[in-house]
Every structure is written in structure tokens, then in C-alpha cells.
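Trainee: This is start-v5.txt, which holds compact mmCIF, C-alpha atoms:
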```txt
# COMPACT_ATOMS: atom_id res chain seq x y z
CA MET A 82 6.35 26.86 -14.47
CA PRO A 83 3.02 28.45 -15.40
CA PHE A 84 1.49 30.90 -12.95
CA SER A 85 -1.96 32.47 -13.35
CA PRO A 86 -2.67 35.47 -11.12
CA GLY A 87 -6.23 36.68 -11.56
CA GLY A 88 -6.80 34.29 -14.45
CA CYS A 89 -4.04 35.84 -16.57
CA GLY A 90 -1.53 33.16 -17.52
CA VAL A 91 2.10 34.11 -16.92
CA ARG A 92 4.96 31.89 -18.02
CA PHE A 93 8.15 32.46 -16.08
CA ALA A 94 11.64 31.68 -17.33
CA LYS A 95 12.80 28.19 -16.41
CA ARG A 96 15.86 29.63 -14.71
CA LEU A 97 13.63 30.61 -11.79
CA ASP A 98 12.95 26.92 -11.16
CA GLN A 99 16.67 26.17 -10.85
CA VAL A 100 17.21 28.03 -7.58
CA PRO A 101 15.26 27.90 -4.31
CA PRO A 102 13.79 31.03 -2.72
CA TYR A 103 16.61 33.24 -1.46
CA LEU A 104 17.65 31.95 1.94
CA PHE A 105 17.66 35.29 3.74
CA ALA A 106 14.35 36.40 2.29
CA GLU A 107 12.82 33.37 4.03
CA LEU A 108 14.56 34.29 7.28
CA GLU A 109 13.16 37.81 7.05
CA ARG A 110 9.69 36.33 6.59
CA LYS A 111 10.04 34.15 9.68
CA ILE A 112 11.28 37.07 11.78
CA ALA A 113 8.35 39.25 10.72
CA GLU A 114 5.87 36.44 11.38
CA LYS A 115 7.13 35.88 14.93
CA ARG A 116 7.20 39.58 15.72
CA ARG A 117 3.61 39.97 14.52
CA ALA A 118 2.75 37.20 16.97
CA GLY A 119 4.30 39.24 19.77
CA VAL A 120 7.52 37.25 20.12
CA ASP A 121 10.62 39.17 21.20
CA VAL A 122 12.85 37.75 18.50
CA ILE A 123 16.63 37.77 18.80
CA SER A 124 17.87 37.59 15.22
CA LEU A 125 21.24 35.90 14.80
CA GLY A 126 20.44 34.84 11.26
CA ILE A 127 21.31 37.60 8.80
CA GLY A 128 24.79 39.12 8.54
CA ASP A 129 23.68 42.74 8.66
CA PRO A 130 25.63 45.08 10.97
CA ASP A 131 23.47 46.71 13.62
CA LEU A 132 26.06 49.44 14.19
CA PRO A 133 25.55 52.81 12.44
CA THR A 134 27.63 53.97 9.53
CA PRO A 135 30.36 56.33 10.85
CA GLN A 136 28.93 59.85 11.06
CA VAL A 137 31.70 61.35 8.92
CA VAL A 138 30.65 59.03 6.08
CA VAL A 139 27.00 60.05 6.46
CA ASP A 140 28.04 63.69 6.42
CA ALA A 141 30.05 63.16 3.22
CA LEU A 142 26.97 61.63 1.57
CA ALA A 143 24.76 64.53 2.67
CA GLU A 144 27.19 67.14 1.37
CA ALA A 145 27.61 65.38 -1.97
CA ALA A 146 23.86 64.79 -2.34
CA ARG A 147 23.26 68.54 -2.05
CA ASP A 148 25.49 69.10 -5.07
CA PRO A 149 23.31 69.09 -8.22
CA GLY A 150 26.27 67.71 -10.11
CA THR A 151 25.66 64.32 -8.49
CA HIS A 152 22.00 64.14 -9.52
CA GLN A 153 22.47 62.90 -13.07
CA TYR A 154 23.41 59.44 -14.31
CA PRO A 155 26.81 58.40 -13.00
CA THR A 156 29.30 56.72 -15.28
CA ASN A 157 29.58 52.96 -14.87
CA HIS A 158 33.32 53.43 -14.89
CA GLY A 159 33.04 55.27 -11.57
CA SER A 160 34.45 58.61 -10.58
CA ASP A 161 38.19 59.10 -10.92
CA GLU A 162 38.33 59.95 -7.22
CA PHE A 163 36.59 56.75 -6.08
CA ARG A 164 38.78 54.54 -8.24
CA GLN A 165 41.85 56.32 -6.91
CA ALA A 166 40.62 55.81 -3.33
CA GLY A 167 40.27 52.10 -4.04
CA ALA A 168 43.79 51.95 -5.46
CA ASP A 169 45.16 53.83 -2.46
CA PHE A 170 43.39 51.44 -0.09
CA TYR A 171 44.85 48.38 -1.81
CA ARG A 172 48.34 49.85 -1.83
CA GLU A 173 48.28 50.79 1.85
CA ARG A 174 46.42 47.74 3.16
CA PHE A 175 47.72 44.92 0.97
CA GLY A 176 50.78 46.30 -0.83
CA VAL A 177 49.02 45.72 -4.16
CA GLU A 178 49.51 48.25 -6.96
CA LEU A 179 46.48 48.87 -9.18
CA ASP A 180 45.89 51.08 -12.20
CA PRO A 181 42.78 53.09 -11.26
CA ALA A 182 41.86 53.53 -14.92
CA SER A 183 41.77 49.86 -15.90
CA GLU A 184 42.03 47.64 -12.82
CA ILE A 185 39.13 48.92 -10.69
CA VAL A 186 35.39 48.75 -11.45
CA PRO A 187 32.85 50.12 -8.91
CA ALA A 188 29.99 47.81 -7.99
CA LEU A 189 26.59 48.09 -6.37
CA GLY A 190 27.84 45.86 -3.56
CA GLY A 191 29.40 42.43 -3.71
CA LYS A 192 26.19 40.54 -4.44
CA GLU A 193 25.62 42.42 -7.68
CA ALA A 194 29.23 41.88 -8.70
CA VAL A 195 28.98 38.12 -8.12
CA GLY A 196 25.91 37.83 -10.32
CA HIS A 197 27.29 39.99 -13.10
CA ILE A 198 30.73 38.36 -13.20
CA ALA A 199 28.97 35.03 -13.80
CA MET A 200 27.16 36.56 -16.76
CA ALA A 201 30.44 37.93 -18.10
CA LEU A 202 32.32 34.61 -17.87
CA LEU A 203 29.87 31.73 -18.21
CA ASP A 204 27.98 30.31 -21.18
CA PRO A 205 25.46 27.43 -21.17
CA GLY A 206 27.46 24.23 -20.83
CA ASP A 207 30.29 25.88 -18.91
CA VAL A 208 31.04 24.91 -15.33
CA CYS A 209 31.44 27.17 -12.32
CA LEU A 210 33.40 25.83 -9.35
CA SER A 211 31.58 27.02 -6.23
CA PRO A 212 32.30 26.43 -2.52
CA ASP A 213 29.69 24.37 -0.70
CA PRO A 214 28.40 25.53 1.75
CA GLY A 215 28.69 28.98 0.28
CA TYR A 216 27.12 32.38 -0.22
CA PRO A 217 23.96 31.63 -2.27
CA PRO A 218 24.82 33.92 -5.26
CA TYR A 219 27.86 31.72 -5.98
CA THR A 220 25.25 29.21 -7.12
CA SER A 221 22.39 31.37 -8.39
CA GLY A 222 24.63 33.62 -10.52
CA PRO A 223 26.01 30.71 -12.57
CA LEU A 224 22.63 29.00 -12.83
CA PHE A 225 20.96 32.18 -14.07
CA SER A 226 23.74 32.34 -16.67
CA GLY A 227 22.84 28.87 -17.93
CA ALA A 228 26.01 27.25 -16.62
CA ASP A 229 26.42 24.13 -14.50
CA VAL A 230 27.76 24.27 -10.97
CA HIS A 231 30.35 21.85 -9.62
CA TYR A 232 30.32 22.07 -5.85
CA LEU A 233 33.53 22.05 -3.83
CA PRO A 234 32.75 20.74 -0.33
CA LEU A 235 34.05 22.70 2.65
CA ARG A 236 34.70 20.35 5.55
CA ALA A 237 36.11 20.84 9.02
CA GLU A 238 38.87 18.30 8.51
CA SER A 239 40.27 20.35 5.59
CA GLY A 240 39.97 23.69 7.37
CA PHE A 241 36.86 24.52 5.32
CA LEU A 242 39.05 24.92 2.21
CA PRO A 243 38.08 23.30 -1.12
CA ASP A 244 40.25 20.38 -2.19
CA LEU A 245 41.50 21.79 -5.48
CA GLU A 246 43.41 18.61 -6.32
CA SER A 247 40.23 16.49 -6.25
CA ILE A 248 38.38 18.32 -9.04
CA PRO A 249 37.80 15.81 -11.88
CA THR A 250 39.70 16.43 -15.11
CA ASP A 251 36.55 16.47 -17.22
CA VAL A 252 35.05 19.12 -14.93
CA LEU A 253 38.15 21.29 -15.18
CA ALA A 254 38.00 21.03 -18.98
CA ARG A 255 34.58 22.77 -18.91
CA ALA A 256 35.22 25.14 -15.99
CA ASN A 257 35.79 28.83 -16.51
CA LEU A 258 35.20 30.32 -13.06
CA LEU A 259 36.29 29.47 -9.52
CA PHE A 260 34.74 31.32 -6.59
CA LEU A 261 36.66 31.62 -3.31
CA ASP A 262 35.96 33.75 -0.24
CA TYR A 263 38.27 34.07 2.75
CA PRO A 264 37.52 35.07 5.46
CA ASN A 265 34.71 32.68 4.68
CA ASN A 266 30.97 33.02 4.76
CA PRO A 267 29.33 31.00 6.33
CA THR A 268 32.04 29.16 8.29
CA GLY A 269 34.27 32.03 9.44
CA ALA A 270 37.33 30.06 8.28
CA VAL A 271 40.46 31.80 7.01
CA VAL A 272 42.83 30.82 4.23
CA GLU A 273 45.96 28.87 5.08
CA PRO A 274 49.42 29.95 3.81
CA GLY A 275 50.13 28.63 0.32
CA TYR A 276 46.51 28.00 -0.60
CA PHE A 277 46.13 31.00 -2.89
CA GLU A 278 49.36 29.96 -4.62
CA ARG A 279 47.77 26.57 -5.38
CA ALA A 280 44.67 28.32 -6.73
CA VAL A 281 46.83 30.42 -9.07
CA GLU A 282 48.59 27.27 -10.32
CA LEU A 283 45.26 25.54 -10.95
CA ALA A 284 43.93 28.57 -12.83
CA ARG A 285 47.02 28.84 -15.02
CA ALA A 286 46.99 25.15 -15.88
CA ASN A 287 43.28 25.11 -16.76
CA ASP A 288 42.52 28.59 -18.14
CA LEU A 289 40.34 29.37 -15.13
CA VAL A 290 39.36 32.76 -13.79
CA VAL A 291 39.55 32.97 -10.00
CA VAL A 292 37.11 35.36 -8.35
CA HIS A 293 37.93 36.00 -4.70
CA ASP A 294 35.21 37.67 -2.66
CA ASN A 295 37.06 39.61 0.05
CA ALA A 296 34.11 41.19 1.87
CA TYR A 297 35.38 40.45 5.40
CA SER A 298 39.09 41.24 5.16
CA GLU A 299 38.90 44.06 7.72
CA LEU A 300 36.95 42.14 10.39
CA CYS A 301 39.83 40.19 11.92
CA TYR A 302 40.57 39.32 15.54
CA ASP A 303 43.35 38.19 17.89
CA GLY A 304 46.04 39.77 15.72
CA TYR A 305 45.04 37.98 12.52
CA LEU A 306 45.24 40.06 9.32
CA ALA A 307 43.46 38.66 6.27
CA PRO A 308 45.36 38.77 2.97
CA SER A 309 44.19 39.81 -0.45
CA PHE A 310 44.21 37.18 -3.18
CA LEU A 311 46.01 39.75 -5.31
CA GLU A 312 48.99 39.69 -2.96
CA THR A 313 49.75 36.24 -4.39
CA PRO A 314 52.35 36.23 -7.18
CA GLY A 315 50.57 35.83 -10.52
CA ALA A 316 47.09 36.35 -9.08
CA LYS A 317 46.35 39.41 -11.19
CA ASP A 318 47.11 37.32 -14.30
CA VAL A 319 44.33 34.83 -13.51
CA GLY A 320 41.72 36.58 -11.42
CA VAL A 321 39.91 39.42 -9.77
CA GLU A 322 38.87 40.27 -6.26
CA PHE A 323 35.73 41.92 -4.92
CA HIS A 324 35.98 44.32 -2.02
CA SER A 325 32.87 45.59 -0.29
CA LEU A 326 32.38 48.52 2.04
CA SER A 327 29.24 46.87 3.48
CA LYS A 328 30.63 45.00 6.47
CA THR A 329 33.80 46.98 7.20
CA TYR A 330 32.04 50.33 7.53
CA ASN A 331 28.48 49.25 8.44
CA MET A 332 27.24 50.23 4.97
CA THR A 333 25.18 47.22 3.86
CA GLY A 334 22.27 49.39 2.72
CA TRP A 335 24.48 51.76 0.75
CA ARG A 336 25.36 49.12 -1.89
CA LEU A 337 28.92 50.03 -2.62
CA GLY A 338 31.97 47.94 -3.46
CA PHE A 339 34.49 47.47 -6.22
CA ALA A 340 36.20 44.78 -8.27
CA VAL A 341 39.95 44.83 -8.85
CA GLY A 342 42.52 42.81 -10.76
CA HIS A 343 42.71 41.32 -14.26
CA LYS A 344 41.89 44.21 -16.60
CA GLU A 345 40.33 42.10 -19.39
CA VAL A 346 38.02 40.32 -16.93
CA LEU A 347 37.04 43.67 -15.45
CA ALA A 348 36.34 45.03 -18.95
CA GLY A 349 33.94 42.13 -19.47
CA LEU A 350 32.29 42.81 -16.12
CA GLY A 351 32.02 46.47 -17.05
CA LYS A 352 30.34 45.60 -20.34
CA VAL A 353 27.66 43.57 -18.53
CA LYS A 354 27.13 46.30 -15.95
CA SER A 355 26.88 49.10 -18.49
CA ASN A 356 24.00 47.24 -20.10
CA LEU A 357 22.18 46.23 -16.91
CA ASP A 358 22.73 48.95 -14.32
CA SER A 359 23.40 52.66 -14.37
CA GLY A 360 26.34 52.86 -12.02
CA VAL A 361 26.76 53.92 -8.40
CA PHE A 362 25.17 57.20 -7.27
CA GLU A 363 28.03 59.68 -7.18
CA ALA A 364 27.11 60.91 -3.71
CA VAL A 365 27.49 57.35 -2.45
CA GLN A 366 30.88 57.17 -4.17
CA ALA A 367 31.87 60.36 -2.37
CA ALA A 368 30.87 58.76 0.94
CA GLY A 369 32.86 55.67 -0.02
CA ILE A 370 35.98 57.78 -0.60
CA THR A 371 35.62 59.10 2.94
CA ALA A 372 35.10 55.58 4.32
CA LEU A 373 38.15 54.17 2.56
CA GLY A 374 40.25 56.97 4.01
CA LEU A 375 39.06 56.58 7.61
CA ASP A 376 41.57 56.52 10.41
CA ASP A 377 42.35 53.08 11.84
CA ALA A 378 40.81 54.18 15.13
CA VAL A 379 37.34 54.07 13.55
CA THR A 380 37.71 50.63 11.99
CA ASN A 381 39.45 49.30 15.12
CA THR A 382 36.43 50.33 17.19
CA ILE A 383 34.11 48.41 14.86
CA ARG A 384 36.46 45.41 14.85
CA ASN A 385 36.80 45.40 18.64
CA THR A 386 33.04 45.55 19.08
CA TYR A 387 32.58 42.36 17.07
CA GLN A 388 35.43 40.64 18.88
CA GLU A 389 33.85 41.46 22.25
CA ARG A 390 30.55 40.07 21.03
CA ARG A 391 32.22 36.93 19.71
CA ASP A 392 33.91 36.51 23.07
CA THR A 393 30.53 36.81 24.78
CA LEU A 394 28.72 34.29 22.60
CA ILE A 395 31.36 31.56 22.17
CA PRO A 396 31.99 30.80 25.88
CA GLY A 397 28.25 30.78 26.52
CA LEU A 398 27.65 28.25 23.77
CA LYS A 399 30.52 26.09 24.99
CA GLN A 400 29.04 26.09 28.50
CA LEU A 401 25.96 24.54 26.91
CA ALA A 402 28.21 21.80 25.47
CA LEU A 403 27.72 23.05 21.91
CA GLU A 404 30.68 22.37 19.62
CA VAL A 405 31.98 25.67 18.27
CA ASP A 406 35.30 27.39 17.60
CA ALA A 407 36.03 31.10 17.83
CA PRO A 408 36.43 32.36 14.26
CA PRO A 409 39.53 34.51 13.64
CA ALA A 410 37.61 36.75 11.22
CA ALA A 411 34.16 37.80 9.91
CA PHE A 412 31.16 37.96 12.25
CA TYR A 413 29.80 34.45 11.85
CA VAL A 414 29.81 31.58 14.32
CA TRP A 415 29.57 28.08 12.80
CA VAL A 416 27.97 25.83 15.41
CA ALA A 417 27.69 22.03 15.24
CA VAL A 418 24.13 20.93 16.07
CA PRO A 419 23.56 18.66 19.09
CA LYS A 420 23.14 14.93 18.71
CA GLY A 421 19.65 13.99 17.58
CA TYR A 422 19.07 17.18 15.59
CA THR A 423 19.48 18.19 11.98
CA SER A 424 20.36 21.71 10.91
CA ALA A 425 16.69 22.38 10.11
CA SER A 426 15.27 20.83 13.27
CA PHE A 427 17.71 22.63 15.58
CA THR A 428 17.01 25.93 13.83
CA ALA A 429 13.28 25.31 14.26
CA HIS A 430 13.77 24.35 17.93
CA LEU A 431 15.64 27.58 18.69
CA LEU A 432 12.99 29.66 16.96
CA GLU A 433 9.98 27.97 18.57
CA LYS A 434 11.35 27.42 22.06
CA ALA A 435 13.73 30.35 22.47
CA GLY A 436 12.61 32.99 19.96
CA ILE A 437 16.06 32.97 18.37
CA VAL A 438 16.55 33.10 14.61
CA THR A 439 19.59 31.26 13.24
CA THR A 440 20.45 29.97 9.77
CA PRO A 441 20.52 26.23 9.01
CA GLY A 442 23.91 25.23 7.65
CA ASN A 443 22.41 23.18 4.84
CA GLY A 444 20.71 26.34 3.59
CA PHE A 445 24.15 27.25 2.24
CA GLY A 446 24.63 23.81 0.66
CA ALA A 447 24.42 20.12 1.54
CA PRO A 448 27.84 19.88 3.28
CA GLY A 449 26.55 22.48 5.74
CA GLU A 450 24.22 19.85 7.21
CA GLY A 451 25.00 19.36 10.87
CA TYR A 452 25.70 23.04 11.51
CA ILE A 453 23.86 26.29 12.10
CA ARG A 454 25.24 29.76 11.51
CA MET A 455 24.88 32.54 14.07
CA THR A 456 25.95 36.14 13.63
CA VAL A 457 27.18 38.60 16.24
CA CYS A 458 25.30 41.50 14.69
CA THR A 459 23.53 42.34 17.92
CA SER A 460 24.60 43.68 21.31
CA LYS A 461 26.53 41.74 23.96
CA ASP A 462 23.50 41.92 26.25
CA ARG A 463 21.26 40.34 23.64
CA LEU A 464 23.86 37.67 22.89
CA ALA A 465 24.08 36.83 26.59
CA GLU A 466 20.29 36.71 26.69
CA ALA A 467 20.29 34.38 23.70
CA VAL A 468 22.57 31.98 25.55
CA GLU A 469 20.22 32.03 28.55
CA ARG A 470 17.21 31.38 26.33
CA ILE A 471 18.94 28.43 24.69
CA LYS A 472 19.82 27.05 28.12
CA LYS A 473 16.20 27.27 29.27
CA ALA A 474 14.90 25.80 26.02
CA GLY A 475 17.07 22.70 26.39
CA PHE A 476 17.99 20.31 23.66
```
Would you give me this structure, written as C-alpha cells?

Mentor:
Amino acid sequence: MPFSPGGCGVRFAKRLDQVPPYLFAELERKIAEKRRAGVDVISLGIGDPDLPTPQVVVDALAEAARDPGTHQYPTNHGSDEFRQAGADFYRERFGVELDPASEIVPALGGKEAVGHIAMALLDPGDVCLSPDPGYPPYTSGPLFSGADVHYLPLRAESGFLPDLESIPTDVLARANLLFLDYPNNPTGAVVEPGYFERAVELARANDLVVVHDNAYSELCYDGYLAPSFLETPGAKDVGVEFHSLSKTYNMTGWRLGFAVGHKEVLAGLGKVKSNLDSGVFEAVQAAGITALGLDDAVTNTIRNTYQERRDTLIPGLKQLALEVDAPPAAFYVWVAVPKGYTSASFTAHLLEKAGIVTTPGNGFGAPGEGYIRMTVCTSKDRLAEAVERIKKAGF
């Protein structure tokens, strides 16, 4: 719609009207506003690790950044060493064999990859099948590409898994992309055995590309080990998977991940990226190689920290008679709001009465109404304090 700063008329593209302001940008605004007012805010809203990146990874970046050879444009294809490190990781962690030359594409984090894969696969009039509630770029990426979005509700009674059998035939005829993400954001749900096999069958029968966002595979608890979509027989024939270093290694600000799988799909993604970004800084790739090769002791320490925090927050919430389950993976807690509240009103209540920032479930999509999302990206002491604040605030 028209916008006239300083009397100079500016006409923005209509695509900007199709998506609301980015959910977490609004949360950041609210946090800053409260802190300016002197409120000691406990932020449980944004999934951003508070733990530092492992020092050995920082050291690898510093050493590589001092090398003038890293100061020029990187190739979008990524360094041979980084792609090999990704292939080694997938072989050792998931038992998946990848060709580093054609089945791995570096990305500037998962969010960028989601947006660009939509541009590579979707035309105006196409349909994208997106989980609802879901990570906002699963909607904004397709809409910015001119496609329509068909939402797949995630409900507790179905284990927060989309009902693939309920997708209308006419929708499937227009669909070209299916997003999945397990461990799931925002619910913390994990995939059940056999589900990926059903997704592969659906994709084969309907010429769909499955894109599985596997950002949380290494944050698992109580003995659970998240699978890769590519472990599923036939998965590489119908889809790709995104893996991000952001959450596993506390590297959200570094913007580093990679896409793996179907080589033709990755070639299309690479074509979009080569025209719209200039690749990943080679010093960051060098740090990523170090991260992907870290000893299990380092990642276990990170994983155990989140599990301890989860096990601090969940019992406290249950003592307040809030309905919540302990997620087996990721660092999100999906909490049912108390009777008499909506997602928005309970979020507002916690902010105003307790100084706690959470995310309304319906901010991720309409089926998220009736829930709020909390993260455990803060210390056990602060999580215990949050529980006490909620208790005193009442509801």
C-alpha cells in the first residue's frame, strides 16, 4: 500500500501486505520497551541460545579470519572442506551417504534456505503445504514467491503431525512443496516411526518435493535420538533436508547451515542463491568444520544443560496447574493456556504482571490458539524465578 515518508510517495510491492510483521521482531520490540521502562524482563520468547559458542570454534574463526585468503568473495558452492565435513557428519550421525560435490549446498542459516527453496520451487498459482502452527518462513517464503499456502494443522490428538491423508486431491494437484520439521518448532514434538515413509509415498504419488528442516536434531533428551528424513528409503529421490549449526553449537549469529539431498533440487537452490547472495564467509565455514567435528563431550554438555533447564521449568509449571508435557527434543515448551484466557491475553498477562516474555501460540498459526511457547534459553535460576513470578501474578 502507498507510503509517503517526508512527502515522497513510495509504493511497496503487494507481497509485503500478504504477511504480518515478523513475529520475533515484535517480541524484540516488546522486550526493549519493557527494559527501557526499568522492568527486569525474563525473556522466554525467542529461541536464541544464551550459551557461548564453544571456544575452539571461536578460535578457528579467528585463525581463518587472519588469513587474507578468506577475505575475498567465497564461492556459493562452498569450500570443498566444509562440504566434506557436512558429508562426514551425515555419515557418522545418520548413516546417510552424500556426494559432497553435488548433494550439499552451504546456506546462510536455515531461515535463508527456507526462503530461497520456496523461490526455487514455487510459481504463482502453485501450492505449498505448510505446517500450522509453524516456523513463520514456511508461510512467508511461499507467499513472497507468489504461491498459495495450504495449511496442515498440528493438533495434540495427532501428536502434532500433519494428517497427510486429509489433503484434498485438488490441492495436491497444485502442490509442489511440503515443509516438515521434526523435532518441531514450536511444539517440541518428534516424528513417530513410519511417518517419514508416508511422506515419501505422498511425494512420489504427487510429484512433491519434501523439505525437512532438521535444525534441532542434536538437542534430544531422555535417550531419544532424532532421525534424519534422508534415513528413510527413497527420501533422497523426493526431497532435501536443511541442517543448521545455529542451535546445536550456539551459533545463531554466525548464520551457517547446509542443505543436503536431491541433487537437482539443490542445483535449483544453488541457482537462486548465486543470484541473491554471495555465499558464506570462508572463515565462518572454517569454524563450521571445527564445530561439525567436535567431540561428543562438547555437544553432550550443551544438551544436558537444556535438559536440566527443561526439568526445572516443567515441574514448576505443573505445580501451577498449567497443562504441559516435557518435550523429548528442541528447547521449546508448549504450554496450554489456563481457562478463561486466549494465547494473546495470557501472553499479555505474563508480560504485564510478571515481566515474562512468552510467544502466543497463534502467532505461529491459528491452530496454535490456546497455547503459548516458552524457551529454556536462560539459566535454571531465572527459570525458577519465572515460575515464582507466574505464581505471584496469578491467573

Trainee: How close does stretch 191-289 of chain A get to stretch 442-453 of chain A? List, as a Markdown table, each residue of stretch 191-289 of chain A within 8 Å, its nearest atom pair and the distance in Å to one decimal, counting only C-alpha atoms.

Mentor:
```
| residue | atom | partner | partner_atom | distance |
| --- | --- | --- | --- | --- |
| A:Asp213 | CA | A:Gly446 | CA | 5.3 |
| A:Pro214 | CA | A:Gly446 | CA | 4.3 |
| A:Gly215 | CA | A:Phe445 | CA | 5.2 |
| A:Tyr216 | CA | A:Phe445 | CA | 6.4 |
| A:Pro217 | CA | A:Phe445 | CA | 6.3 |
| A:Pro234 | CA | A:Pro448 | CA | 6.2 |
| A:Leu235 | CA | A:Pro448 | CA | 6.8 |
| A:Arg236 | CA | A:Pro448 | CA | 7.2 |
| A:Pro267 | CA | A:Phe445 | CA | 7.6 |
```

Trainee: What lies within 7 Å of A:Asn157 using all atoms listed in the file, ignoring chain neighbours under 3 positions off, as a list of chain:residue names?

Mentor: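 In the requested form, the answer reads A:Ser355, A:Ser359, A:Gly360.
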
Trainee: Which one is closest to A:Asp262: A:Ala367, A:Ala411, A:Phe225, A:Leu357? Count all atoms listed in the file.

Mentor: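 Checking each of A:Ala367, A:Ala411, A:Phe225, A:Leu357 against A:Asp262, counting all atoms listed in the file, the winner is A:Ala411.
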
Trainee: For atom CA of A:Thr439 and atom CA of A:Ser221, quote the distance in Å rounded to one decimal.

Mentor: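 Answer for the atom CA of A:Thr439 to atom CA of A:Ser221 separation: 21.8 Å.
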
Trainee: Do you have the atom CA of A:Lys354-atom CA of A:Ala168 distance handy?

Mentor: 20.5 Å

Trainee: Between A:Ser426, A:Ser309, A:Gln400, A:Gln388, which residue has the minimum interatomic distance to A:Ser460, considering all atoms listed in the file?

Mentor: A:Gln388

Trainee: Give me, please, the distance in Å between atom CA of A:Ala410 and atom CA of A:Pro133, quoted to one decimal.

Mentor: 20.1 Å

Trainee: Tell me which protein, DNA and RNA residues are within 6 Å of stretch 185-196 of chain A, counting all atoms listed in the file, leaving out same-chain ones fewer than 3 positions away, and put them as number ranges by chain.

Mentor: A: 159, 181, 199, 222, 325, 336-341

Trainee: Using all atoms listed in the file, pick whichever of A:Gly436, A:Gly349, A:Pro102, A:Pro409 has the shortest atom-to-atom distance to A:Glu299.

Mentor: A:Pro409

Trainee: Pick out the closest residue to A:Val271 from this set: A:Tyr413, A:Tyr232, A:Tyr171, A:Phe241. Count only C-alpha atoms.

Mentor: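 Closest to A:Val271 of all the choices is A:Phe241.
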
Trainee: Would you mind telling me which residue in A:Gly475, A:Val468, A:Cys458, A:Ala435 lies nearest to A:Asp121 when using all atoms listed in the file?

Mentor: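 Ranked by minimum distance to A:Asp121, first place goes to A:Ala435.
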
Trainee: Go through A:Tyr305, A:Glu404, A:Ala316, A:Pro130 one by one, measure the shortest atom-to-atom distance of each to A:Arg279 using only C-alpha atoms, and give the residue with the smallest value.

Mentor: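 Closest to A:Arg279 of all the choices is A:Ala316.
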
Trainee: Put the listed atoms of stretch 166-178 of chain A in a box along x, y and z with 6 Å added on every side and give me the centre and edge lengths in Å to one decimal, as AutoDock Vina command-line options.

Mentor:
```
--center_x 45.5 --center_y 50.4 --center_z -1.9 --size_x 22.5 --size_y 22.9 --size_z 22.1
```

Trainee: Report as a ChimeraX atom specification all protein, DNA and RNA residues lying within 10 Å of A:Asp318, evaluated on all atoms listed in the file, omitting residues in the same chain fewer than 5 positions from it.

Mentor: /A:281,284-285,290-291,311,342-346

Trainee: Do a neighbour search on A:Val405 at 7 Å with only C-alpha atoms, toss out local chain neighbours closer than 6 positions, and write the hits as number ranges by chain.

Mentor: A: 399, 415-417
